[in-house]
Amino acid sequence: MKTDTEKVIEEKENYYLKALEWYSEYEIISKSEYSSINTCFNNYIECHENSMKFTKNLRCKRRSCPICDEIDRSAKYFEIMKKIENFKNRYLIFILTINGKNVEINDKSRLQNELNVLRKNFNKLVKCSFLKNIVKGYLRVTEIAYNPERNSFLPHLHILLFTIKGIYKHFKMKELKEMIQAKWNTMSGFKTNVRLEKLGTEEKVQKTVSYLTHSKKKRLKNFFDNDENKTILSIYLNIIKRKRIYYWSKFKE
């Protein structure tokens, strides 16, 4: 009988093989990209079978690679947590989520434009006087979520805001959220929900960073659960290609 670890490894390998099958049969990625991912997979198998460490130089490091996607997401979690650890005692931390417009999956140019508008509007938002005086820095995470009910993509931003500790001398939580909501709706030209929450404990910070990096629902693996997702995956990979998903601002003293 197989151990739980062996079952997990087998499940992973089957998923990796399915990804390679999709990539080889459909024009989702380029031939050179496929070749890199295939080599990465072979290196992974060889390391596993020979009890060797799967080192960075053996990886392809491509976003479309299911192996590297999982490894990079886990690494990103620790990278962000380490950075937060360096200055968490100096600031209060909030998570802000703001949405763009839903875009039909076959409209790549509009989706690209919506992402650009989303980031541009956020840059204006964070420079507004009521935020400029309290926000010392931020981590901006760009995401594109697929909505199967609408068959559309929803571009949105998750932002970790690092604020002065005396923020409540300026605003109450409800007041700040309402100000952000009103300003964002004006900038966007439509009404959308804004989420703002204080991350007041270590557990909340860890849970939020985990969600932003390696939570199961954000992994590339989810696309391969349904054969109807081939077109969706192709568009998704095309849009995020060369995009800076995680962006740290400069911190003000």
# chains A, B, ... in the order shown; residues from 1 in each chain; ligands from 1

$ select_by_dssp --residues "stretch 8-76 of chain A" --states "alpha helix (DSSP H)" --output "NGL selection string"
:A and (8-25 or 31-49 or 66-76)

$ write_last_selection --atoms "N, CA and C atoms" --output "tab-separated table (two decimals), in the first residue's frame"
chain	number	residue	atom	x	y	z
A	8	VAL	N	0.67	11.63	-2.74
A	8	VAL	CA	0.76	13.05	-3.09
A	8	VAL	C	1.70	13.24	-4.27
A	9	ILE	N	2.86	12.57	-4.21
A	9	ILE	CA	3.85	12.67	-5.29
A	9	ILE	C	3.27	12.14	-6.60
A	10	GLU	N	2.56	11.01	-6.52
A	10	GLU	CA	1.95	10.44	-7.72
A	10	GLU	C	0.90	11.38	-8.31
A	11	GLU	N	0.11	11.99	-7.43
A	11	GLU	CA	-0.91	12.94	-7.88
A	11	GLU	C	-0.26	14.14	-8.57
A	12	LYS	N	0.83	14.63	-7.99
A	12	LYS	CA	1.55	15.75	-8.59
A	12	LYS	C	2.09	15.39	-9.96
A	13	GLU	N	2.71	14.22	-10.06
A	13	GLU	CA	3.30	13.80	-11.33
A	13	GLU	C	2.24	13.62	-12.40
A	14	ASN	N	1.09	13.09	-12.03
A	14	ASN	CA	-0.01	12.94	-13.00
A	14	ASN	C	-0.50	14.30	-13.50
A	15	TYR	N	-0.55	15.25	-12.57
A	15	TYR	CA	-0.96	16.61	-12.94
A	15	TYR	C	0.08	17.26	-13.86
A	16	TYR	N	1.36	17.07	-13.55
A	16	TYR	CA	2.42	17.62	-14.40
A	16	TYR	C	2.36	17.01	-15.80
A	17	LEU	N	2.09	15.71	-15.86
A	17	LEU	CA	2.01	15.03	-17.15
A	17	LEU	C	0.81	15.55	-17.96
A	18	LYS	N	-0.28	15.81	-17.27
A	18	LYS	CA	-1.46	16.35	-17.96
A	18	LYS	C	-1.16	17.73	-18.52
A	19	ALA	N	-0.43	18.54	-17.76
A	19	ALA	CA	-0.05	19.87	-18.23
A	19	ALA	C	0.82	19.76	-19.48
A	20	LEU	N	1.77	18.84	-19.47
A	20	LEU	CA	2.63	18.64	-20.64
A	20	LEU	C	1.82	18.18	-21.85
A	21	GLU	N	0.83	17.34	-21.59
A	21	GLU	CA	-0.03	16.87	-22.68
A	21	GLU	C	-0.80	18.03	-23.30
A	22	TRP	N	-1.36	18.87	-22.46
A	22	TRP	CA	-2.08	20.05	-22.96
A	22	TRP	C	-1.15	20.95	-23.76
A	23	TYR	N	0.01	21.20	-23.21
A	23	TYR	CA	0.95	22.12	-23.85
A	23	TYR	C	1.48	21.58	-25.18
A	24	SER	N	1.57	20.26	-25.30
A	24	SER	CA	2.10	19.67	-26.53
A	24	SER	C	1.04	19.59	-27.63
A	25	GLU	N	-0.22	19.43	-27.25
A	25	GLU	CA	-1.29	19.23	-28.23
A	25	GLU	C	-2.00	20.51	-28.66
A	31	LYS	N	6.77	26.52	-28.67
A	31	LYS	CA	7.53	25.27	-28.68
A	31	LYS	C	8.75	25.34	-27.78
A	32	SER	N	9.42	26.48	-27.78
A	32	SER	CA	10.61	26.64	-26.94
A	32	SER	C	10.23	26.61	-25.46
A	33	GLU	N	9.09	27.21	-25.14
A	33	GLU	CA	8.62	27.20	-23.75
A	33	GLU	C	8.26	25.78	-23.33
A	34	TYR	N	7.61	25.06	-24.23
A	34	TYR	CA	7.26	23.67	-23.95
A	34	TYR	C	8.51	22.84	-23.72
A	35	SER	N	9.53	23.05	-24.55
A	35	SER	CA	10.79	22.31	-24.41
A	35	SER	C	11.43	22.55	-23.05
A	36	SER	N	11.40	23.80	-22.60
A	36	SER	CA	11.97	24.15	-21.29
A	36	SER	C	11.22	23.47	-20.16
A	37	ILE	N	9.89	23.47	-20.25
A	37	ILE	CA	9.06	22.86	-19.22
A	37	ILE	C	9.23	21.35	-19.20
A	38	ASN	N	9.34	20.76	-20.38
A	38	ASN	CA	9.55	19.32	-20.49
A	38	ASN	C	10.87	18.91	-19.85
A	39	THR	N	11.92	19.69	-20.11
A	39	THR	CA	13.23	19.43	-19.51
A	39	THR	C	13.16	19.57	-17.99
A	40	CYS	N	12.45	20.58	-17.55
A	40	CYS	CA	12.25	20.81	-16.11
A	40	CYS	C	11.58	19.60	-15.47
A	41	PHE	N	10.56	19.07	-16.12
A	41	PHE	CA	9.84	17.91	-15.60
A	41	PHE	C	10.76	16.69	-15.52
A	42	ASN	N	11.54	16.46	-16.57
A	42	ASN	CA	12.46	15.32	-16.58
A	42	ASN	C	13.51	15.45	-15.48
A	43	ASN	N	13.98	16.67	-15.25
A	43	ASN	CA	14.94	16.90	-14.16
A	43	ASN	C	14.30	16.62	-12.80
A	44	TYR	N	13.04	17.03	-12.68
A	44	TYR	CA	12.30	16.80	-11.43
A	44	TYR	C	12.17	15.31	-11.15
A	45	ILE	N	11.78	14.54	-12.17
A	45	ILE	CA	11.61	13.09	-12.02
A	45	ILE	C	12.94	12.43	-11.67
A	46	GLU	N	14.00	12.83	-12.36
A	46	GLU	CA	15.32	12.25	-12.10
A	46	GLU	C	15.77	12.52	-10.67
A	47	CYS	N	15.55	13.73	-10.20
A	47	CYS	CA	15.93	14.08	-8.82
A	47	CYS	C	15.12	13.27	-7.81
A	48	HIS	N	13.84	13.11	-8.09
A	48	HIS	CA	12.97	12.36	-7.18
A	48	HIS	C	13.39	10.89	-7.13
A	49	GLU	N	13.63	10.30	-8.28
A	49	GLU	CA	13.96	8.87	-8.35
A	49	GLU	C	15.33	8.57	-7.75
A	66	PRO	N	4.01	24.02	-14.30
A	66	PRO	CA	3.28	23.64	-13.08
A	66	PRO	C	4.19	23.35	-11.90
A	67	ILE	N	5.39	22.85	-12.17
A	67	ILE	CA	6.35	22.57	-11.10
A	67	ILE	C	6.87	23.87	-10.51
A	68	CYS	N	7.36	24.74	-11.37
A	68	CYS	CA	7.93	26.01	-10.91
A	68	CYS	C	6.87	26.92	-10.30
A	69	ASP	N	5.64	26.81	-10.78
A	69	ASP	CA	4.55	27.61	-10.22
A	69	ASP	C	4.38	27.32	-8.73
A	70	GLU	N	4.37	26.03	-8.38
A	70	GLU	CA	4.20	25.65	-6.97
A	70	GLU	C	5.40	26.06	-6.13
A	71	ILE	N	6.59	25.83	-6.65
A	71	ILE	CA	7.81	26.16	-5.91
A	71	ILE	C	7.92	27.67	-5.71
A	72	ASP	N	7.68	28.43	-6.78
A	72	ASP	CA	7.81	29.89	-6.71
A	72	ASP	C	6.78	30.52	-5.78
A	73	ARG	N	5.58	29.97	-5.76
A	73	ARG	CA	4.54	30.51	-4.88
A	73	ARG	C	4.89	30.30	-3.41
A	74	SER	N	5.43	29.12	-3.10
A	74	SER	CA	5.85	28.87	-1.72
A	74	SER	C	7.01	29.77	-1.33
A	75	ALA	N	7.95	29.95	-2.26
A	75	ALA	CA	9.12	30.81	-2.00
A	75	ALA	C	8.68	32.26	-1.81
A	76	LYS	N	7.68	32.68	-2.58
A	76	LYS	CA	7.19	34.06	-2.48
A	76	LYS	C	6.58	34.32	-1.10

$ closest_atom_pairs --of "stretch 188-224 of chain A" --to "stretch 231-246 of chain A" --cutoff "9 Å" --atoms "only C-alpha atoms" --output "CSV"
residue,atom,partner,partner_atom,distance
A:Leu220,CA,A:Leu233,CA,8.7
A:Phe223,CA,A:Leu233,CA,6.3
A:Phe224,CA,A:Leu233,CA,8.5

$ write_last_selection --atoms "N, CA and C atoms" --output "CSV table (one decimal), in the first residue's frame"
chain,number,residue,atom,x,y,z
A,220,LEU,N,-1.8,27.2,-10.5
A,220,LEU,CA,-2.0,26.9,-11.9
A,220,LEU,C,-2.7,25.5,-12.1
A,223,PHE,N,-6.5,25.0,-13.3
A,223,PHE,CA,-6.9,25.1,-14.8
A,223,PHE,C,-7.0,23.7,-15.4
A,224,PHE,N,-6.2,22.8,-14.9
A,224,PHE,CA,-6.1,21.5,-15.5
A,224,PHE,C,-7.1,20.5,-15.0

$ closest_residue --among "A:Met173, A:Ile134, A:Val194, A:Val141" --to "A:Lys252" --atoms "only C-alpha atoms"
A:Ile134

$ closest_residue --among "A:Lys82, A:Lys165, A:Lys216, A:Lys124" --to "A:Thr186" --atoms "only C-alpha atoms"
A:Lys124

$ closest_residue --among "A:Phe122, A:Phe153, A:Cys65, A:Lys218" --to "A:Asp107" --atoms "only C-alpha atoms"
A:Phe153

$ select_by_dssp --residues "stretch 74-188 of chain A" --states "strand (DSSP E)" --output "PyMOL selection string"
chain A and resi 92-99+103-104+135-147+152-163

$ residues_around --residues "A:Gln181" --least-positions-apart "6" --cutoff "10 Å" --atoms "only C-alpha atoms" --output "PDB file with C-alpha atoms, in the first residue's frame"
ATOM      1  CA  ILE A  98     -10.188  46.741  -5.149  1.00  0.00           C
ATOM      2  CA  GLU A 175     -14.724  56.261   7.715  1.00  0.00           C
ATOM      3  CA  MET A 187     -12.069  56.939 -10.529  1.00  0.00           C
ATOM      4  CA  LYS A 191     -19.769  51.056  -8.344  1.00  0.00           C
ATOM      5  CA  THR A 192     -17.728  48.204  -6.939  1.00  0.00           C
ATOM      6  CA  ASN A 193     -17.145  46.776  -3.496  1.00  0.00           C
ATOM      7  CA  VAL A 194     -13.930  47.673  -1.689  1.00  0.00           C
ATOM      8  CA  ARG A 195     -12.605  45.473   1.103  1.00  0.00           C
ATOM      9  CA  LEU A 196     -10.448  46.915   3.883  1.00  0.00           C
TER      10      LEU A 196
END

$ residues_around --residues "A:Phe130" --least-positions-apart "6" --cutoff "9 Å" --atoms "only C-alpha atoms" --output "list in words"
His170, Leu176 and Met179 of chain A

$ write_last_selection --atoms "N, CA and C atoms" --output "compact mmCIF listing (two decimals), in the first residue's frame"
# COMPACT_ATOMS: atom_id res chain seq x y z
N HIS A 170 -6.54 59.98 12.87
CA HIS A 170 -7.00 60.66 11.64
C HIS A 170 -8.37 60.14 11.19
N LEU A 176 -12.55 55.50 6.92
CA LEU A 176 -11.49 55.33 5.92
C LEU A 176 -11.97 54.47 4.76
N MET A 179 -14.27 56.43 2.51
CA MET A 179 -13.54 57.41 1.70
C MET A 179 -12.85 56.73 0.52

$ atom_distance --atom1 "atom CA of A:Leu131" --atom2 "atom CA of A:Phe78"
27.9 Å
